[in-house]
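S.K.: One file: data.pdb (PDB, C-alpha atoms, pLDDT in the B column).
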```pdb
ATOM      1  CA  MET A   1      -5.028   3.701 -13.711  1.00 82.00           C
ATOM      2  CA  THR A   2      -4.733   1.240 -10.833  1.00 86.00           C
ATOM      3  CA  THR A   3      -8.044   0.543  -9.074  1.00 91.00           C
ATOM      4  CA  VAL A   4      -9.191  -1.347  -5.956  1.00 92.00           C
ATOM      5  CA  THR A   5     -12.290  -3.552  -6.172  1.00 92.00           C
ATOM      6  CA  CYS A   6     -13.932  -5.633  -3.451  1.00 93.00           C
ATOM      7  CA  ILE A   7     -15.038  -8.899  -5.057  1.00 91.00           C
ATOM      8  CA  GLU A   8     -16.177 -10.780  -1.929  1.00 91.00           C
ATOM      9  CA  SER A   9     -17.074 -10.042   1.704  1.00 91.00           C
ATOM     10  CA  ASN A  10     -18.861 -11.898   4.493  1.00 91.00           C
ATOM     11  CA  LEU A  11     -19.478 -11.992   8.254  1.00 86.00           C
ATOM     12  CA  ASP A  12     -19.320 -15.309  10.139  1.00 80.00           C
ATOM     13  CA  PHE A  13     -21.182 -16.385  13.276  1.00 70.00           C
ATOM     14  CA  GLU A  14     -18.337 -15.201  15.531  1.00 70.00           C
ATOM     15  CA  LYS A  15     -18.612 -11.701  13.994  1.00 78.00           C
ATOM     16  CA  ASP A  16     -15.266 -12.070  12.262  1.00 88.00           C
ATOM     17  CA  GLN A  17     -15.202 -10.216   8.946  1.00 93.00           C
ATOM     18  CA  TYR A  18     -13.625 -11.258   5.657  1.00 94.00           C
ATOM     19  CA  ALA A  19     -13.133  -9.476   2.351  1.00 95.00           C
ATOM     20  CA  CYS A  20     -11.188 -10.048  -0.844  1.00 96.00           C
ATOM     21  CA  PHE A  21      -9.836  -7.121  -2.878  1.00 96.00           C
ATOM     22  CA  LEU A  22      -8.420  -6.895  -6.387  1.00 95.00           C
ATOM     23  CA  ILE A  23      -5.770  -4.257  -7.068  1.00 93.00           C
ATOM     24  CA  GLU A  24      -5.052  -3.964 -10.795  1.00 89.00           C
ATOM     25  CA  PRO A  25      -3.468  -3.323 -13.191  1.00 91.00           C
ATOM     26  CA  LEU A  26       0.098  -3.306 -11.842  1.00 91.00           C
ATOM     27  CA  GLU A  27       3.410  -3.382 -13.657  1.00 92.00           C
ATOM     28  CA  MET A  28       5.444  -6.570 -13.584  1.00 92.00           C
ATOM     29  CA  SER A  29       6.945  -7.336 -10.123  1.00 90.00           C
ATOM     30  CA  GLN A  30       4.920  -4.562  -8.458  1.00 92.00           C
ATOM     31  CA  GLY A  31       2.393  -7.059  -7.094  1.00 92.00           C
ATOM     32  CA  ILE A  32       4.729  -8.720  -4.610  1.00 94.00           C
ATOM     33  CA  THR A  33       6.148  -5.330  -3.560  1.00 94.00           C
ATOM     34  CA  LEU A  34       2.711  -3.879  -2.814  1.00 94.00           C
ATOM     35  CA  GLY A  35       1.255  -7.105  -1.400  1.00 94.00           C
ATOM     36  CA  ASN A  36       4.105  -7.688   1.047  1.00 95.00           C
ATOM     37  CA  ALA A  37       4.077  -4.056   2.237  1.00 95.00           C
ATOM     38  CA  LEU A  38       0.317  -4.076   2.806  1.00 95.00           C
ATOM     39  CA  ARG A  39       0.408  -7.434   4.576  1.00 96.00           C
ATOM     40  CA  ARG A  40       3.139  -6.398   7.017  1.00 95.00           C
ATOM     41  CA  THR A  41       1.390  -3.072   7.717  1.00 95.00           C
ATOM     42  CA  LEU A  42      -1.975  -4.728   8.302  1.00 95.00           C
ATOM     43  CA  LEU A  43      -0.565  -7.273  10.732  1.00 93.00           C
ATOM     44  CA  SER A  44       1.742  -5.046  12.753  1.00 91.00           C
ATOM     45  CA  ASP A  45       0.815  -1.359  12.554  1.00 92.00           C
ATOM     46  CA  LEU A  46      -2.973  -1.066  12.934  1.00 93.00           C
ATOM     47  CA  SER A  47      -4.115   0.004  16.399  1.00 90.00           C
ATOM     48  CA  SER A  48      -6.890  -1.478  18.514  1.00 92.00           C
ATOM     49  CA  TYR A  49      -7.909  -2.036  22.145  1.00 93.00           C
ATOM     50  CA  ALA A  50      -6.986  -4.808  24.564  1.00 93.00           C
ATOM     51  CA  ILE A  51      -7.133  -5.672  28.262  1.00 93.00           C
ATOM     52  CA  THR A  52      -3.667  -5.142  29.742  1.00 92.00           C
ATOM     53  CA  GLY A  53      -4.205  -5.734  33.456  1.00 91.00           C
ATOM     54  CA  LEU A  54      -6.728  -6.907  36.070  1.00 92.00           C
ATOM     55  CA  ARG A  55      -7.455  -6.914  39.780  1.00 91.00           C
ATOM     56  CA  ILE A  56      -9.586  -9.646  41.382  1.00 91.00           C
ATOM     57  CA  ASN A  57     -10.938  -9.385  44.933  1.00 87.00           C
ATOM     58  CA  ASN A  58      -7.842  -9.380  47.184  1.00 83.00           C
ATOM     59  CA  VAL A  59      -5.692 -11.574  44.948  1.00 83.00           C
ATOM     60  CA  LYS A  60      -1.972 -10.782  45.167  1.00 82.00           C
ATOM     61  CA  HIS A  61      -0.604 -13.026  42.370  1.00 81.00           C
ATOM     62  CA  GLU A  62      -1.801 -15.126  39.430  1.00 81.00           C
ATOM     63  CA  PHE A  63      -1.293 -18.448  41.262  1.00 84.00           C
ATOM     64  CA  ALA A  64      -3.775 -17.662  44.023  1.00 81.00           C
ATOM     65  CA  THR A  65      -7.147 -19.408  44.381  1.00 82.00           C
ATOM     66  CA  ILE A  66     -10.570 -17.926  45.134  1.00 86.00           C
ATOM     67  CA  ASP A  67     -13.194 -19.783  47.131  1.00 86.00           C
ATOM     68  CA  GLY A  68     -16.305 -20.502  45.097  1.00 88.00           C
ATOM     69  CA  LEU A  69     -14.607 -19.914  41.741  1.00 90.00           C
ATOM     70  CA  ARG A  70     -14.436 -22.857  39.353  1.00 91.00           C
ATOM     71  CA  GLU A  71     -11.490 -21.533  37.328  1.00 90.00           C
ATOM     72  CA  ASP A  72      -8.068 -20.494  38.506  1.00 90.00           C
ATOM     73  CA  ILE A  73      -6.596 -17.038  37.820  1.00 91.00           C
ATOM     74  CA  LEU A  74      -4.603 -18.158  34.781  1.00 91.00           C
ATOM     75  CA  GLU A  75      -7.763 -19.467  33.087  1.00 92.00           C
ATOM     76  CA  ILE A  76      -9.510 -16.145  33.710  1.00 93.00           C
ATOM     77  CA  ILE A  77      -6.575 -14.312  32.131  1.00 92.00           C
ATOM     78  CA  LEU A  78      -6.789 -16.509  29.023  1.00 93.00           C
ATOM     79  CA  ASN A  79     -10.537 -15.861  28.760  1.00 94.00           C
ATOM     80  CA  LEU A  80     -10.026 -12.102  29.081  1.00 94.00           C
ATOM     81  CA  LYS A  81      -7.620 -12.182  26.146  1.00 92.00           C
ATOM     82  CA  GLU A  82     -10.537 -13.270  23.937  1.00 92.00           C
ATOM     83  CA  VAL A  83     -12.618 -10.166  24.737  1.00 94.00           C
ATOM     84  CA  ILE A  84     -12.899  -7.930  21.650  1.00 93.00           C
ATOM     85  CA  LEU A  85     -13.238  -4.189  22.280  1.00 92.00           C
ATOM     86  CA  LYS A  86     -14.195  -1.395  19.924  1.00 90.00           C
ATOM     87  CA  SER A  87     -14.428   2.359  20.321  1.00 86.00           C
ATOM     88  CA  SER A  88     -17.895   3.882  20.238  1.00 76.00           C
ATOM     89  CA  PHE A  89     -18.996   6.178  17.412  1.00 64.00           C
ATOM     90  CA  LEU A  90     -19.721   8.862  20.006  1.00 57.00           C
ATOM     91  CA  SER A  91     -16.314   8.585  21.638  1.00 56.00           C
ATOM     92  CA  LYS A  92     -14.298  11.820  21.768  1.00 60.00           C
ATOM     93  CA  ALA A  93     -11.868  10.779  24.493  1.00 60.00           C
ATOM     94  CA  LYS A  94      -8.223  11.673  23.903  1.00 66.00           C
ATOM     95  CA  THR A  95      -6.812   9.310  26.523  1.00 71.00           C
ATOM     96  CA  LYS A  96      -5.605   5.827  25.595  1.00 78.00           C
ATOM     97  CA  LYS A  97      -6.224   4.172  28.963  1.00 87.00           C
ATOM     98  CA  TRP A  98      -9.550   3.204  30.517  1.00 91.00           C
ATOM     99  CA  LYS A  99     -10.912   1.004  33.295  1.00 92.00           C
ATOM    100  CA  GLY A 100     -13.861  -1.366  33.510  1.00 93.00           C
ATOM    101  CA  PHE A 101     -15.261  -3.494  36.297  1.00 93.00           C
ATOM    102  CA  LEU A 102     -17.915  -5.982  37.335  1.00 93.00           C
ATOM    103  CA  ASN A 103     -19.211  -6.798  40.820  1.00 93.00           C
ATOM    104  CA  VAL A 104     -21.462  -9.869  41.005  1.00 92.00           C
ATOM    105  CA  GLN A 105     -22.563 -12.534  43.437  1.00 90.00           C
ATOM    106  CA  GLY A 106     -22.949 -16.230  42.701  1.00 81.00           C
ATOM    107  CA  PRO A 107     -23.961 -18.752  41.807  1.00 92.00           C
ATOM    108  CA  LEU A 108     -23.521 -17.247  38.353  1.00 93.00           C
ATOM    109  CA  ILE A 109     -21.850 -17.632  34.962  1.00 94.00           C
ATOM    110  CA  VAL A 110     -19.769 -14.493  34.371  1.00 94.00           C
ATOM    111  CA  THR A 111     -19.497 -13.218  30.790  1.00 95.00           C
ATOM    112  CA  ALA A 112     -17.837 -10.209  29.168  1.00 94.00           C
ATOM    113  CA  GLY A 113     -21.164  -8.415  28.737  1.00 92.00           C
ATOM    114  CA  MET A 114     -21.368  -7.872  32.511  1.00 94.00           C
ATOM    115  CA  PHE A 115     -18.473  -5.404  32.503  1.00 94.00           C
ATOM    116  CA  LYS A 116     -19.326  -1.764  33.161  1.00 93.00           C
ATOM    117  CA  LEU A 117     -17.254   0.334  30.758  1.00 92.00           C
ATOM    118  CA  PRO A 118     -16.909   4.114  30.288  1.00 88.00           C
ATOM    119  CA  LYS A 119     -20.135   5.334  28.695  1.00 84.00           C
ATOM    120  CA  HIS A 120     -19.983   6.218  24.982  1.00 83.00           C
ATOM    121  CA  VAL A 121     -16.290   5.285  24.850  1.00 87.00           C
ATOM    122  CA  LEU A 122     -15.884   1.509  24.470  1.00 90.00           C
ATOM    123  CA  THR A 123     -18.147  -1.408  23.587  1.00 91.00           C
ATOM    124  CA  ILE A 124     -17.623  -5.173  23.779  1.00 92.00           C
ATOM    125  CA  LEU A 125     -18.290  -6.962  20.490  1.00 91.00           C
ATOM    126  CA  ASN A 126     -18.555 -10.443  22.015  1.00 91.00           C
ATOM    127  CA  PRO A 127     -20.564  -9.931  25.246  1.00 93.00           C
ATOM    128  CA  GLU A 128     -21.221 -13.679  25.423  1.00 93.00           C
ATOM    129  CA  GLN A 129     -17.496 -14.401  25.882  1.00 93.00           C
ATOM    130  CA  TYR A 130     -17.098 -16.708  28.880  1.00 95.00           C
ATOM    131  CA  ILE A 131     -15.018 -15.403  31.809  1.00 95.00           C
ATOM    132  CA  CYS A 132     -15.620 -17.723  34.780  1.00 93.00           C
ATOM    133  CA  THR A 133     -18.264 -19.473  36.918  1.00 94.00           C
ATOM    134  CA  LEU A 134     -19.184 -18.875  40.560  1.00 93.00           C
ATOM    135  CA  VAL A 135     -20.435 -22.106  42.120  1.00 93.00           C
ATOM    136  CA  ASP A 136     -21.681 -20.671  45.441  1.00 90.00           C
ATOM    137  CA  SER A 137     -23.016 -17.397  46.833  1.00 89.00           C
ATOM    138  CA  SER A 138     -19.603 -15.747  47.191  1.00 88.00           C
ATOM    139  CA  SER A 139     -19.044 -12.255  45.784  1.00 90.00           C
ATOM    140  CA  PHE A 140     -16.709 -11.612  42.876  1.00 91.00           C
ATOM    141  CA  TYR A 141     -15.104  -8.284  41.931  1.00 93.00           C
ATOM    142  CA  LEU A 142     -13.045  -7.921  38.766  1.00 93.00           C
ATOM    143  CA  GLU A 143     -11.481  -4.682  37.538  1.00 93.00           C
ATOM    144  CA  ILE A 144      -9.688  -4.451  34.196  1.00 93.00           C
ATOM    145  CA  ASP A 145      -7.286  -1.976  32.573  1.00 93.00           C
ATOM    146  CA  ILE A 146      -7.880  -1.245  28.887  1.00 93.00           C
ATOM    147  CA  GLU A 147      -5.336   0.399  26.609  1.00 91.00           C
ATOM    148  CA  GLN A 148      -4.990   1.313  22.957  1.00 90.00           C
ATOM    149  CA  GLY A 149      -1.946   0.107  21.068  1.00 89.00           C
ATOM    150  CA  ALA A 150      -0.578  -1.799  18.097  1.00 89.00           C
ATOM    151  CA  GLY A 151       0.914  -5.242  17.600  1.00 86.00           C
ATOM    152  CA  TYR A 152       1.584  -7.707  20.405  1.00 87.00           C
ATOM    153  CA  GLN A 153       3.112  -6.390  23.613  1.00 85.00           C
ATOM    154  CA  LEU A 154       4.641  -8.663  26.219  1.00 86.00           C
ATOM    155  CA  ILE A 155       4.454  -7.942  29.938  1.00 83.00           C
ATOM    156  CA  GLU A 156       8.217  -7.352  30.085  1.00 80.00           C
ATOM    157  CA  GLU A 157       7.999  -4.692  27.363  1.00 73.00           C
ATOM    158  CA  ARG A 158       5.282  -2.770  29.181  1.00 66.00           C
ATOM    159  CA  LYS A 159       7.187  -2.948  32.471  1.00 68.00           C
ATOM    160  CA  LYS A 160      10.052  -1.072  30.814  1.00 65.00           C
ATOM    161  CA  LYS A 161       7.735   1.692  29.577  1.00 61.00           C
ATOM    162  CA  ARG A 162       6.077   2.391  32.908  1.00 55.00           C
ATOM    163  CA  GLU A 163       6.902   1.943  36.572  1.00 48.00           C
ATOM    164  CA  ILE A 164       4.739  -0.707  38.219  1.00 48.00           C
ATOM    165  CA  SER A 165       3.503   0.377  41.624  1.00 46.00           C
ATOM    166  CA  ARG A 166       4.850  -1.695  44.498  1.00 43.00           C
ATOM    167  CA  PHE A 167       2.710  -4.021  46.524  1.00 41.00           C
ATOM    168  CA  ARG A 168       0.641  -2.334  49.224  1.00 45.00           C
ATOM    169  CA  SER A 169      -0.852  -4.350  52.042  1.00 44.00           C
ATOM    170  CA  GLY A 170      -4.644  -4.496  52.015  1.00 47.00           C
ATOM    171  CA  LYS A 171      -4.950  -3.767  48.301  1.00 57.00           C
ATOM    172  CA  PRO A 172      -5.149  -6.240  45.433  1.00 63.00           C
ATOM    173  CA  SER A 173      -2.171  -6.448  43.131  1.00 79.00           C
ATOM    174  CA  THR A 174      -2.472  -5.603  39.438  1.00 86.00           C
ATOM    175  CA  LEU A 175      -1.901  -8.693  37.308  1.00 89.00           C
ATOM    176  CA  LEU A 176      -0.491  -7.726  33.916  1.00 89.00           C
ATOM    177  CA  ILE A 177      -1.541  -9.485  30.692  1.00 89.00           C
ATOM    178  CA  ASP A 178       0.272  -9.906  27.388  1.00 89.00           C
ATOM    179  CA  ALA A 179      -1.728  -7.525  25.192  1.00 88.00           C
ATOM    180  CA  LEU A 180      -2.899  -8.553  21.729  1.00 88.00           C
ATOM    181  CA  PHE A 181      -3.850  -5.279  20.033  1.00 91.00           C
ATOM    182  CA  MET A 182      -3.913  -6.635  16.461  1.00 91.00           C
ATOM    183  CA  PRO A 183      -7.428  -6.353  14.935  1.00 93.00           C
ATOM    184  CA  ILE A 184      -6.309  -8.395  11.889  1.00 94.00           C
ATOM    185  CA  ARG A 185      -6.478 -12.152  12.273  1.00 93.00           C
ATOM    186  CA  LYS A 186      -5.011 -13.143   8.921  1.00 94.00           C
ATOM    187  CA  VAL A 187      -3.824 -11.654   5.603  1.00 95.00           C
ATOM    188  CA  ASN A 188      -3.128 -13.488   2.372  1.00 96.00           C
ATOM    189  CA  TYR A 189      -2.295 -12.278  -1.117  1.00 95.00           C
ATOM    190  CA  LYS A 190      -1.940 -13.841  -4.546  1.00 95.00           C
ATOM    191  CA  ILE A 191      -0.594 -12.507  -7.824  1.00 94.00           C
ATOM    192  CA  LYS A 192      -1.751 -13.455 -11.287  1.00 93.00           C
ATOM    193  CA  LEU A 193      -0.996 -12.222 -14.795  1.00 92.00           C
ATOM    194  CA  ILE A 194      -3.639 -10.339 -16.764  1.00 89.00           C
ATOM    195  CA  HIS A 195      -3.854  -8.340 -20.004  1.00 88.00           C
ATOM    196  CA  ASP A 196      -4.874  -4.711 -20.160  1.00 83.00           C
ATOM    197  CA  THR A 197      -7.089  -3.179 -22.849  1.00 80.00           C
ATOM    198  CA  GLN A 198      -4.090  -2.815 -25.165  1.00 84.00           C
ATOM    199  CA  GLY A 199      -2.965  -6.429 -24.770  1.00 83.00           C
ATOM    200  CA  ASN A 200       0.013  -5.694 -22.525  1.00 88.00           C
ATOM    201  CA  ILE A 201       0.851  -8.168 -19.759  1.00 92.00           C
ATOM    202  CA  LYS A 202       0.138  -6.753 -16.292  1.00 91.00           C
ATOM    203  CA  GLU A 203      -0.215  -8.085 -12.756  1.00 92.00           C
ATOM    204  CA  SER A 204      -3.325  -8.376 -10.587  1.00 93.00           C
ATOM    205  CA  LEU A 205      -3.003  -8.459  -6.784  1.00 94.00           C
ATOM    206  CA  CYS A 206      -5.663 -10.435  -4.895  1.00 96.00           C
ATOM    207  CA  LEU A 207      -5.599  -9.401  -1.220  1.00 95.00           C
ATOM    208  CA  GLU A 208      -7.612 -11.333   1.400  1.00 96.00           C
ATOM    209  CA  ILE A 209      -8.183  -9.823   4.863  1.00 96.00           C
ATOM    210  CA  TRP A 210      -9.724 -11.414   7.968  1.00 95.00           C
ATOM    211  CA  THR A 211     -10.513  -9.160  10.975  1.00 94.00           C
ATOM    212  CA  ASN A 212     -11.875  -9.803  14.478  1.00 92.00           C
ATOM    213  CA  GLY A 213     -14.861  -7.516  13.842  1.00 90.00           C
ATOM    214  CA  SER A 214     -13.501  -4.411  15.583  1.00 90.00           C
ATOM    215  CA  ILE A 215     -12.642  -2.993  12.159  1.00 92.00           C
ATOM    216  CA  THR A 216     -13.937  -3.749   8.685  1.00 93.00           C
ATOM    217  CA  PRO A 217     -11.548  -5.127   6.039  1.00 94.00           C
ATOM    218  CA  LYS A 218     -12.221  -2.069   3.866  1.00 95.00           C
ATOM    219  CA  ARG A 219     -11.328   0.320   6.680  1.00 94.00           C
ATOM    220  CA  SER A 220      -8.237  -1.696   7.592  1.00 95.00           C
ATOM    221  CA  LEU A 221      -7.013  -1.510   3.976  1.00 95.00           C
ATOM    222  CA  GLN A 222      -7.566   2.250   3.932  1.00 95.00           C
ATOM    223  CA  GLU A 223      -5.676   2.701   7.191  1.00 94.00           C
ATOM    224  CA  SER A 224      -2.751   0.564   6.009  1.00 95.00           C
ATOM    225  CA  ILE A 225      -2.444   2.621   2.809  1.00 94.00           C
ATOM    226  CA  LYS A 226      -2.477   5.839   4.873  1.00 95.00           C
ATOM    227  CA  LEU A 227       0.274   4.471   7.119  1.00 94.00           C
ATOM    228  CA  LEU A 228       2.457   3.634   4.120  1.00 94.00           C
ATOM    229  CA  ILE A 229       1.901   7.110   2.644  1.00 93.00           C
ATOM    230  CA  ASN A 230       2.804   8.723   5.975  1.00 93.00           C
ATOM    231  CA  LEU A 231       5.919   6.562   6.088  1.00 91.00           C
ATOM    232  CA  PHE A 232       7.278   7.417   2.627  1.00 90.00           C
ATOM    233  CA  TYR A 233       6.121  11.003   2.049  1.00 88.00           C
ATOM    234  CA  PRO A 234       8.223  12.608   4.843  1.00 87.00           C
ATOM    235  CA  LEU A 235      11.294  10.989   3.280  1.00 85.00           C
ATOM    236  CA  LEU A 236      10.545  12.730  -0.005  1.00 82.00           C
ATOM    237  CA  VAL A 237      10.384  16.203   1.562  1.00 81.00           C
ATOM    238  CA  THR A 238      13.537  15.874   3.675  1.00 81.00           C
ATOM    239  CA  PRO A 239      16.139  18.669   3.205  1.00 80.00           C
ATOM    240  CA  TYR A 240      18.421  16.309   1.267  1.00 74.00           C
ATOM    241  CA  PHE A 241      15.901  15.622  -1.505  1.00 71.00           C
ATOM    242  CA  LEU A 242      14.656  19.223  -1.532  1.00 71.00           C
ATOM    243  CA  GLN A 243      18.200  20.502  -2.061  1.00 74.00           C
ATOM    244  CA  LEU A 244      18.731  17.912  -4.782  1.00 65.00           C
ATOM    245  CA  SER A 245      15.599  19.002  -6.656  1.00 64.00           C
ATOM    246  CA  ASN A 246      16.600  22.685  -6.369  1.00 65.00           C
ATOM    247  CA  PHE A 247      20.033  21.834  -7.747  1.00 57.00           C
ATOM    248  CA  HIS A 248      18.580  20.151 -10.845  1.00 60.00           C
ATOM    249  CA  SER A 249      16.116  22.985 -11.445  1.00 62.00           C
ATOM    250  CA  SER A 250      18.862  25.635 -11.243  1.00 59.00           C
ATOM    251  CA  SER A 251      21.439  23.762 -13.379  1.00 55.00           C
ATOM    252  CA  PRO A 252      21.960  25.258 -16.913  1.00 57.00           C
ATOM    253  CA  SER A 253      20.482  23.443 -19.882  1.00 52.00           C
ATOM    254  CA  LYS A 254      22.533  22.179 -22.808  1.00 48.00           C
ATOM    255  CA  GLN A 255      21.417  25.121 -24.976  1.00 49.00           C
ATOM    256  CA  GLU A 256      23.235  27.596 -22.717  1.00 46.00           C
ATOM    257  CA  TYR A 257      26.651  26.120 -23.461  1.00 36.00           C
TER     258      TYR A 257
END
```
Please express the file's structure as structure tokens.

M.R.:
Amino acid sequence: MTTVTCIESNLDFEKDQYACFLIEPLEMSQGITLGNALRRTLLSDLSSYAITGLRINNVKHEFATIDGLREDILEIILNLKEVILKSSFLSKAKTKKWKGFLNVQGPLIVTAGMFKLPKHVLTILNPEQYICTLVDSSSFYLEIDIEQGAGYQLIEERKKKREISRFRSGKPSTLLIDALFMPIRKVNYKIKLIHDTQGNIKESLCLEIWTNGSITPKRSLQESIKLLINLFYPLLVTPYFLQLSNFHSSSPSKQEY
């Protein structure tokens, strides 16, 4: 029987998580089939949370400047992309869109931990993440849009899915961000030959997973296996295969001739 064993796991200073799993024994050539399927699923299909838009003071576009702010808008956008979000254990919300904000006055170093998020819904795993610096006593208001999704979504793709509200005088414009939803930073797998208890040659799949801390490697592996099962099982119970199985079960045996 094929088993999964975790042989190594650790947590680094940036709260990134790593684990190495052994999946064995496998028949010859099954290692690359399983390893490639798991790797592609881990990197592209797991869902997470990301900041998808922001509004700053009365800024109308990303090339504007704000008095008293050391960084420009593009630098703030890049810093917001590094914010790692995770759903709370007490969260029961069914929506996939939330908002957060901060309202501060300088001089001050603004970090991700200053955001006010929906209570018991989302938490920030890296509250020390740098956002910007206010060099004088000016006020700074930043509102962010948070969404749940999978993969990497460009601004152009999200514009096609929803209608962006037109510019209204007196109100800040929403600046969209390319959303990186992927909780997996890196996946690697290796295959080696082993012998089972009867001396037969089998394959062993060594799967290494690095995450950003919003999900554990063990949980990510479980979710990827579930996604693959949900992908293949509906194909097996389609009317075509059901009719084919009924045909074979109702066909006469050789003894009836």

S.K.: From the set A:Ser137, A:Asn126, A:Gln153, A:Asn212, which residue has the shortest atom-to-atom contact distance to Lys186 in chain A, counting all atoms listed in the file?

M.R.: A:Asn212

S.K.: Restricting the calculation to all atoms listed in the file, which member of A:Ile184, A:Leu117, A:Ile201, A:Ile23 is positioned closest to Ser48 in chain A?

M.R.: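 Answer, going by the shortest atom-to-atom distance: A:Ile184.
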
S.K.: When distances are computed from all atoms listed in the file, which of A:Lys86, A:Arg39, A:Thr174, A:Phe21 shows the smallest separation from Ser9 in chain A?

M.R.: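 Of A:Lys86, A:Arg39, A:Thr174, A:Phe21, the one nearest Ser9 in chain A is A:Phe21, counting all atoms listed in the file.
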
S.K.: Set the distance at 12 Å and use only C-alpha atoms: which residues neighbour Ala37 in chain A once local chain neighbours fewer than 3 positions away are removed? I'd like the list as a PyMOL selection string.

M.R.: chain A and resi 30-34+40-45+187-189+207+221+224-225+227-229+231-232

S.K.: Restricting the output to C-alpha atoms, write the selected residues as an mmCIF file, in the frame of the given file.

M.R.:
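Generated output (out.cif):
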```
data_model
loop_
_atom_site.group_PDB
_atom_site.id
_atom_site.type_symbol
_atom_site.label_atom_id
_atom_site.label_comp_id
_atom_site.auth_asym_id
_atom_site.auth_seq_id
_atom_site.Cartn_x
_atom_site.Cartn_y
_atom_site.Cartn_z
ATOM 1 C CA GLN A 30 4.920 -4.562 -8.458
ATOM 2 C CA GLY A 31 2.393 -7.059 -7.094
ATOM 3 C CA ILE A 32 4.729 -8.720 -4.610
ATOM 4 C CA THR A 33 6.148 -5.330 -3.560
ATOM 5 C CA LEU A 34 2.711 -3.879 -2.814
ATOM 6 C CA ARG A 40 3.139 -6.398 7.017
ATOM 7 C CA THR A 41 1.390 -3.072 7.717
ATOM 8 C CA LEU A 42 -1.975 -4.728 8.302
ATOM 9 C CA LEU A 43 -0.565 -7.273 10.732
ATOM 10 C CA SER A 44 1.742 -5.046 12.753
ATOM 11 C CA ASP A 45 0.815 -1.359 12.554
ATOM 12 C CA VAL A 187 -3.824 -11.654 5.603
ATOM 13 C CA ASN A 188 -3.128 -13.488 2.372
ATOM 14 C CA TYR A 189 -2.295 -12.278 -1.117
ATOM 15 C CA LEU A 207 -5.599 -9.401 -1.220
ATOM 16 C CA LEU A 221 -7.013 -1.510 3.976
ATOM 17 C CA SER A 224 -2.751 0.564 6.009
ATOM 18 C CA ILE A 225 -2.444 2.621 2.809
ATOM 19 C CA LEU A 227 0.274 4.471 7.119
ATOM 20 C CA LEU A 228 2.457 3.634 4.120
ATOM 21 C CA ILE A 229 1.901 7.110 2.644
ATOM 22 C CA LEU A 231 5.919 6.562 6.088
ATOM 23 C CA PHE A 232 7.278 7.417 2.627
#
```

S.K.: Pick out the closest residue to Pro217 in chain A from this set: A:Ser204, A:Gln198, A:Ser173, A:Asn10. Count all atoms listed in the file.

M.R.: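 Going through A:Ser204, A:Gln198, A:Ser173, A:Asn10 one by one, the smallest distance to Pro217 in chain A is for A:Asn10.
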
S.K.: Just give me the gap between CA of Thr211 in chain A and CA of Tyr18 in chain A in Å, one decimal is fine.

M.R.: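 Separation of CA of Thr211 in chain A and CA of Tyr18 in chain A: 6.5 Å.
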
S.K.: At what distance in Å, to one decimal, does CA of Ile209 in chain A lie from CA of Arg185 in chain A?

M.R.: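 Taking CA of Arg185 in chain A and CA of Ile209 in chain A, their separation equals 8.0 Å.
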
S.K.: Which distance in Å separates CA of Val83 in chain A and CA of Gln129 in chain A, to one decimal?

M.R.: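 Distance between the two atoms: 6.6 Å.
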
S.K.: Which is closest to Pro107 in chain A among A:Leu122, A:Cys6, A:Cys132, A:Ile84, if we use all atoms listed in the file?

M.R.: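 Selected residue with least distance to Pro107 in chain A: A:Cys132.
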
S.K.: If the PyMOL selection byres ((chain A and resi 58-67) around 7) is run on the structure shown, which residues does it catch, given as a list in words?

M.R.: Ile56, Asn57, Gly68, Leu69, Asp72, Ile73, Leu74, Lys171, Pro172, Ser173 and Leu175 of chain A

S.K.: Between A:Phe140, A:Phe115, A:Tyr152, A:Phe181, which one has atoms that come closest to Ser47 in chain A, using all atoms listed in the file?

M.R.: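 Comparing A:Phe140, A:Phe115, A:Tyr152, A:Phe181 against Ser47 in chain A, the winner is A:Phe181.
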